[in-house]
Structure formats: structure tokens, C-alpha cells
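Asks: Below is the file model14.cif, with mmCIF, C-alpha atoms and all ligand atoms.
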data_run
loop_
_atom_site.label_atom_id
_atom_site.label_comp_id
_atom_site.auth_asym_id
_atom_site.auth_seq_id
_atom_site.Cartn_x
_atom_site.Cartn_y
_atom_site.Cartn_z
CA MET A 586 -7.42 -12.16 -0.10
CA THR A 587 -6.81 -11.91 -3.81
CA PHE A 588 -4.86 -8.99 -5.22
CA THR A 589 -5.22 -8.37 -8.94
CA PHE A 590 -2.64 -6.01 -10.39
CA VAL A 591 -3.77 -4.30 -13.57
CA THR A 592 -0.52 -3.18 -15.16
CA LEU A 593 1.35 -2.93 -18.43
CA PHE A 594 4.47 -4.04 -16.55
CA GLU A 595 3.88 -7.23 -14.56
CA ASN A 596 7.64 -7.63 -14.09
CA LEU A 597 7.77 -4.47 -12.00
CA VAL A 598 5.39 -6.04 -9.48
CA SER A 599 5.78 -9.83 -9.41
CA PRO A 600 9.37 -10.08 -8.00
CA TYR A 601 8.30 -8.45 -4.76
CA PHE A 602 6.26 -11.56 -3.93
CA GLU A 603 9.19 -13.92 -4.54
CA ASP A 604 10.80 -13.54 -1.13
CA SER A 605 10.25 -13.16 2.58
CA ILE A 606 6.87 -12.62 4.23
CA LEU A 607 4.75 -12.15 1.13
CA LYS A 608 6.27 -15.24 -0.49
CA ARG A 609 5.22 -17.24 2.59
CA ALA A 610 1.77 -15.64 2.53
CA LEU A 611 1.38 -16.80 -1.06
CA GLN A 612 2.62 -20.30 -0.28
CA SER A 613 0.25 -20.67 2.66
CA GLY A 614 -2.68 -19.37 0.60
CA LYS A 615 -3.30 -16.35 2.86
CA ILE A 616 -2.98 -14.18 -0.23
CA LYS A 617 -3.28 -14.83 -3.95
CA ILE A 618 -2.06 -12.56 -6.73
CA ASP A 619 -2.78 -12.30 -10.41
CA PHE A 620 -2.02 -9.89 -13.22
CA LYS A 621 -4.04 -8.39 -16.05
CA ASN A 622 -2.48 -6.41 -18.87
CA PRO A 623 -4.66 -3.71 -20.49
CA ARG A 624 -2.83 -4.34 -23.76
CA ASP A 625 -4.52 -7.74 -23.94
CA TYR A 626 -7.92 -6.00 -24.02
CA THR A 627 -7.38 -3.51 -26.85
CA ASP A 628 -9.62 -3.50 -29.91
CA ASN A 629 -7.19 -1.58 -32.16
CA LYS A 630 -4.73 -3.03 -34.68
CA HIS A 631 -1.55 -1.94 -32.91
CA ASN A 632 -2.69 -2.72 -29.35
CA LYS A 633 -2.36 0.91 -28.39
CA VAL A 634 -3.39 1.82 -24.85
CA ASP A 635 -2.52 5.53 -24.77
CA ASN A 636 -3.36 8.71 -26.65
CA TYR A 637 -2.89 12.48 -26.64
CA GLN A 638 -4.63 14.53 -24.00
CA ALA A 639 -7.81 16.32 -24.98
CA GLY A 640 -7.25 20.05 -24.88
CA GLY A 641 -3.46 19.64 -25.00
CA GLY A 642 -1.01 19.00 -22.17
CA ALA A 643 2.28 17.16 -21.96
CA GLY A 644 2.38 13.39 -22.30
CA LEU A 645 -0.01 10.60 -23.15
CA LEU A 646 -2.99 9.25 -21.22
CA MET A 647 -4.33 5.70 -21.00
CA PHE A 648 -7.64 5.80 -22.84
CA PRO A 649 -10.83 4.12 -21.58
CA GLN A 650 -11.48 1.20 -23.95
CA PRO A 651 -8.87 -1.40 -22.83
CA LEU A 652 -9.24 -0.63 -19.13
CA SER A 653 -13.01 -0.63 -19.40
CA ALA A 654 -13.08 -4.04 -21.13
CA LEU A 655 -10.67 -5.46 -18.56
CA LEU A 656 -12.49 -4.09 -15.51
CA ASP A 657 -15.91 -5.13 -16.87
CA GLU A 658 -14.59 -8.68 -17.17
CA LEU A 659 -13.20 -8.62 -13.62
CA LYS A 660 -16.50 -7.33 -12.24
CA ARG A 661 -18.45 -9.94 -14.19
CA ASP A 662 -16.27 -12.69 -12.67
CA ASN A 663 -16.57 -11.25 -9.16
CA PRO A 664 -19.06 -8.44 -8.50
CA ASN A 665 -17.45 -7.92 -5.06
CA VAL A 666 -14.07 -6.72 -6.33
CA HIS A 667 -12.85 -3.54 -4.65
CA ILE A 668 -11.14 -1.37 -7.25
CA ILE A 669 -8.36 1.01 -6.21
CA PHE A 670 -6.64 3.55 -8.42
CA PRO A 671 -3.27 4.75 -7.09
CA ALA A 672 -2.77 8.40 -8.08
CA PRO A 673 -0.91 11.39 -6.69
CA ALA A 674 -4.27 13.18 -6.60
CA GLY A 675 -5.85 10.55 -4.32
CA LYS A 676 -6.52 10.72 -0.59
CA PRO A 677 -3.55 9.76 1.61
CA PHE A 678 -3.21 6.02 2.20
CA ARG A 679 -2.95 5.41 5.95
CA GLN A 680 -2.58 2.52 8.39
CA ILE A 681 -6.32 2.55 9.15
CA ASP A 682 -6.96 2.01 5.43
CA ALA A 683 -4.52 -0.92 5.41
CA LYS A 684 -6.39 -2.49 8.35
CA ARG A 685 -9.84 -1.85 6.86
CA LEU A 686 -8.89 -3.18 3.42
CA ALA A 687 -7.32 -6.34 4.92
CA LYS A 688 -10.91 -7.55 5.45
CA LYS A 689 -11.81 -7.40 1.74
CA GLU A 690 -12.01 -10.54 -0.34
CA HIS A 691 -10.56 -9.24 -3.62
CA ILE A 692 -8.73 -5.96 -4.29
CA VAL A 693 -7.83 -4.71 -7.76
CA PHE A 694 -5.06 -2.13 -8.17
CA VAL A 695 -5.17 -0.28 -11.49
CA SER A 696 -1.76 1.18 -12.30
CA GLY A 697 -1.60 4.12 -14.65
CA ARG A 698 1.49 4.80 -16.75
CA TYR A 699 2.43 7.75 -18.93
CA GLU A 700 0.59 10.82 -17.61
CA GLY A 701 -2.17 8.74 -16.02
CA ILE A 702 -5.64 7.48 -16.87
CA ASP A 703 -8.67 9.17 -18.46
CA GLU A 704 -10.60 10.52 -15.46
CA ARG A 705 -13.88 8.94 -16.63
CA VAL A 706 -12.45 5.45 -16.07
CA ILE A 707 -11.60 6.35 -12.48
CA GLU A 708 -15.07 7.86 -11.97
CA GLU A 709 -16.81 4.82 -13.41
CA TYR A 710 -14.82 2.00 -11.81
CA GLY A 711 -12.90 3.39 -8.83
CA ASP A 712 -14.06 2.46 -5.35
CA GLU A 713 -11.17 4.49 -3.91
CA VAL A 714 -8.27 6.60 -5.15
CA PHE A 715 -5.18 6.67 -2.96
CA SER A 716 -1.91 8.58 -2.93
CA ILE A 717 1.07 7.11 -1.08
CA GLY A 718 2.77 10.48 -0.66
CA ASP A 719 3.24 13.98 -1.99
CA TYR A 720 5.52 13.16 -4.91
CA VAL A 721 4.93 11.83 -8.40
CA LEU A 722 6.04 8.33 -9.37
CA THR A 723 6.50 7.11 -12.95
CA GLY A 724 3.46 4.84 -12.58
CA GLY A 725 1.10 3.25 -10.09
CA GLU A 726 2.98 -0.03 -9.69
CA LEU A 727 5.14 0.97 -6.73
CA ALA A 728 2.14 2.54 -5.00
CA SER A 729 0.14 -0.67 -5.57
CA LEU A 730 2.97 -2.69 -4.06
CA VAL A 731 3.21 -0.37 -1.07
CA MET A 732 -0.51 -0.69 -0.40
CA SER A 733 -0.72 -4.45 -0.97
CA ASP A 734 2.24 -4.96 1.38
CA ALA A 735 0.71 -2.80 4.11
CA ILE A 736 -2.67 -4.54 3.68
CA SER A 737 -1.19 -8.07 3.62
CA ARG A 738 0.58 -7.76 6.95
CA ASN A 739 -2.80 -6.99 8.54
CA ILE A 740 -4.33 -10.23 7.26
CA LYS A 741 -4.54 -12.83 9.98
CA GLY A 742 -1.73 -15.38 9.75
CA VAL A 743 0.52 -13.39 7.41
CA LEU A 744 2.96 -12.17 10.10
CA GLY A 745 4.75 -14.73 12.24
CA ASN A 746 4.12 -12.71 15.38
CA GLU A 747 0.73 -10.99 15.44
CA ASP A 748 1.76 -9.05 18.59
CA SER A 749 3.97 -6.86 16.44
CA LEU A 750 0.79 -5.38 14.94
CA ASP A 751 -0.29 -3.96 18.29
CA GLU A 752 2.76 -1.93 19.21
CA GLU A 753 3.79 -0.49 15.91
CA SER A 754 3.76 3.03 14.55
CA PHE A 755 0.39 4.68 13.87
CA GLU A 756 -1.53 2.08 15.88
CA ASP A 757 -2.60 4.75 18.37
CA GLY A 758 -1.80 7.75 16.19
CA THR A 759 1.83 7.97 17.32
CA LEU A 760 5.18 6.81 16.03
CA GLU A 761 6.59 3.66 17.58
CA ALA A 762 9.11 4.13 20.40
CA PRO A 763 12.76 3.37 19.58
CA SER A 764 13.78 -0.26 20.16
CA PHE A 765 17.14 -1.85 20.91
CA THR A 766 18.88 -5.24 20.85
CA LYS A 767 22.34 -6.58 21.69
CA PRO A 768 25.02 -5.33 22.28
CA ASN A 769 24.18 -3.27 25.38
CA ILE A 770 26.78 -0.70 24.33
CA PHE A 771 27.27 0.19 20.67
CA LYS A 772 29.90 2.76 19.68
CA GLY A 773 29.79 4.22 23.19
CA SER A 774 25.99 4.50 23.25
CA SER A 775 24.08 2.39 25.81
CA ILE A 776 20.61 0.91 25.69
CA PRO A 777 18.47 2.97 28.16
CA SER A 778 19.27 1.43 31.53
CA GLU A 779 15.62 0.74 32.48
CA PHE A 780 15.31 -1.49 29.42
CA LEU A 781 18.05 -3.70 30.84
CA LYS A 782 16.44 -4.03 34.27
CA GLY A 783 13.31 -5.71 32.95
CA ASN A 784 10.51 -3.96 34.91
CA HIS A 785 7.80 -4.09 32.25
CA ALA A 786 5.55 -1.42 33.77
CA ILE A 787 8.43 1.07 33.85
CA ILE A 788 9.55 0.12 30.34
CA CYS A 789 5.99 0.57 29.07
CA THR A 790 5.73 4.07 30.61
CA LEU A 791 9.13 5.01 29.17
CA LYS A 792 8.16 3.76 25.72
CA LYS A 793 4.97 5.82 25.80
CA GLU A 794 7.00 8.93 26.69
CA MET A 795 9.56 8.28 23.96
CA SER A 796 6.81 7.61 21.45
CA GLY A 797 5.18 10.98 22.28
CA LEU A 798 8.48 12.85 22.00
CA LYS A 799 9.38 11.17 18.72
CA THR A 800 5.98 11.97 17.23
CA LYS A 801 6.18 15.61 18.35
CA TYR A 802 9.67 15.99 16.86
CA PHE A 803 9.37 14.08 13.58
CA ARG A 804 5.63 14.35 12.87
CA PRO A 805 4.24 17.52 14.42
CA ASP A 806 1.21 17.09 12.12
CA LEU A 807 0.34 13.73 13.77
CA PHE A 808 1.05 15.11 17.21
CA LEU A 809 -1.33 18.04 16.72
CA ARG A 810 -3.97 15.77 15.20
CA ASN A 811 -3.84 13.50 18.29
CA LYS A 812 -4.10 16.47 20.64
CA GLY A 813 -7.22 17.60 18.82
CA GLN A 814 -8.99 14.30 19.53
N1 LIG B 1 1.19 7.36 -9.08
C1 LIG B 1 2.13 8.29 -9.30
N2 LIG B 1 2.49 8.91 -8.16
C2 LIG B 1 1.73 8.36 -7.18
C3 LIG B 1 1.61 8.58 -5.78
N3 LIG B 1 2.34 9.51 -5.15
N4 LIG B 1 0.74 7.84 -5.08
C4 LIG B 1 -0.02 6.91 -5.71
N5 LIG B 1 0.04 6.67 -7.03
C5 LIG B 1 0.91 7.38 -7.76
#
What is this file in C-alpha cells?
Replies:
Amino acid sequence: MTFTFVTLFENLVSPYFEDSILKRALQSGKIKIDFKNPRDYTDNKHNKVDNYQAGGGAGLLMFPQPLSALLDELKRDNPNVHIIFPAPAGKPFRQIDAKRLAKKEHIVFVSGRYEGIDERVIEEYGDEVFSIGDYVLTGGELASLVMSDAISRNIKGVLGNEDSLDEESFEDGTLEAPSFTKPNIFKGSSIPSEFLKGNHAIICTLKKEMSGLKTKYFRPDLFLRNKGQ
């Protein structure tokens, strides 16, 4: 998988890949990353990438020309690129999207800054527009990182232990059950006794119950959605 980050601020993104699991994924060649800066594709004297909004409105927008030149070049080099625009007005990014997108060959994340990107660029080039939550970030970089992280860990060979993908939150539409490690008693609170006895069938039933309760309590929206299925 190749991730191309289209951003004016490469330094906001690149450090995340310098440690831990994604560093290893890069080293082993499971993922590749590169960066493209819209400012390198401008055709104006001062390398401007933003302008006032048509019809008024606070803040500046990234105008089409640099992004269009950049994305045309990317598509020429690889017609199979899958282009994603992170935006608060996108559809919610979910675990099933992370799993589905992990099978792509090359994903491009186009990060807007200022007040965003001229809508016609998104219409012309966007394969998908995703929001990572109901709040507004200062740009698309963090959202691109969130999505590339969630996608990467679903690529075969990226996680040390692939089993962890099966049991985790959202896998079956519920939140993951609580988990525990040593010590058996921490600040007066004990690990549930059945967990210490080691009967896996009982532990599995208990975990399912806890997972249901946790989902109902913390994410009633998910709980109701599951019941509707
Ligand atoms: N850009 C700014 N806010 C965002 C959000 N919530 N999700 C995705 N991209 C964004």
C-alpha cells in the first residue's frame, strides 16, 4: 500500500511514521508513504494556494489550480489511485472503511487548510470524502493520519499479532470487552474471578456480556443499530 499525503505541511504528518508499528511497516515495505505539496504546483508568481471565498464568508479557500495540477499528475502516474478528501462534511469514517480501504493499492489523502478546498476540486477528483468526527480541525492532516493508521493496521503483516484484529472494538458492531493484566488486585479492585480460573468458554461468554453492556452504556447509538439488524 502506498499512501500519498497531499499537504502544505509535511512536517505535521511525517513524524508519526518514525516510531512503533508504522515505522516497522515502512521498514518491512508493507506500506510506503510520500508527500506532495500543492505549493510546488502553482502557476502564480508568489506561489499562492489560497484566495477569498466567492460570495463572501470568513477565511480563505484553497483554489483549484495547484491541487488540480498535482492530482492530474498523480492520476497520470497511476490511474488506480484512490483519492480521499478529509472534511468535517464527509461521511463518518468507520472500521469497515478501514478494512475495505486496506485492500487498495494506492491511497491519496488531500488535506485542506484555511477554510477548506474549492468544492469543484472535491467533486472532480474525490473518490470519497470522510469525516473523523463531529468537530472541526485546523486542517485535514490529523484526519489523514487517523485514517492511514486505522487502514494500515488492517494490512496483512502490519500488526505483530493478527488475532488482535478479530476481537477488537467494532468488529461485530460492539465495543471490545474490558481486559486486564497483572497484578490480580490493583488499588483494592480485583480482576473478575472467572478470568483467573482459565475456563475459556466461560470467559468468552462473560466477555460477550460485558461487551454488550459497555456498548449499551457508552454507545447507545451502536447498540440500537445492532438491535435493528
Ligand atoms: N478537517 C477538519 N475537520 C475534519 C474532520 N472532523 N474530519 C475530517 N477532516 C477534517
Asks: Counting only C-alpha atoms and all ligand atoms, name the residues that have an atom within 8 Å of an atom of ligand LIG 1 (chain B); the answer should be given as a list of chain:residue names.
Replies: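 Checked against 8 Å with only C-alpha atoms and all ligand atoms; the hits are A:Phe670, A:Pro671, A:Ala672, A:Pro673, A:Ala674, A:Gly675, A:Ser696, A:Gly697, A:Gly701, A:Phe715, A:Ser716, A:Ile717, A:Gly718, A:Asp719, A:Tyr720, A:Val721, A:Leu722, A:Thr723, A:Gly724, A:Gly725, A:Glu726, A:Leu727, A:Ala728, A:Ser729.
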Asks: Grab the atom CA of A:Ser605 to atom CA of A:Ser737 distance for me, in Å with one decimal place.
Replies: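 Between these atoms lies a distance of 12.6 Å.
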Asks: So which residues touch stretch 778-793 of chain A within 9 Å, counting only C-alpha atoms, skipping near sequence neighbours fewer than 4 positions away, as a list in words?
Replies: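 Within the cut-off, the hits are Glu761, Ala762, Pro763, Ser764, Phe765, Asn769, Gly797 and Leu798 of chain A.
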Asks: Pick the closest to A:Ser653 from A:Ala683, A:Ile618, A:Ile702, A:Ile692: which is it, counting all atoms listed in the file?
Replies: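 Looking at the shortest contact to A:Ser653, the residue is A:Ile702.
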Asks: Figure out the distance between atom CA of A:Phe755 and atom CA of A:Ile707, please, to one decimal in Å.
Replies: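 Distance between the two atoms: 29.0 Å.
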Asks: Residues at most 12 Å from A:Asp657, counting all atoms listed in the file, excluding those fewer than 4 positions away in the same chain, as a list in words?
Replies: Pro623, Tyr626, Pro649, Gln650, Pro651, Leu652, Ser653, Arg661, Asp662, Asn663, Pro664, Val666, Ile668, Val706, Glu709 and Tyr710 of chain A
Asks: Just how far from atom CA of A:Phe590 is atom CA of A:Arg679, in Å to one decimal?
Replies: 19.9 Å
Asks: Set the distance at 12 Å and use only C-alpha atoms: which residues neighbour A:Ser599 once local chain neighbours fewer than 6 positions away are removed? I'd like the list as a ChimeraX atom specification.
Replies: /A:588-592,607-608,611,617-621,726-727,729-730,733
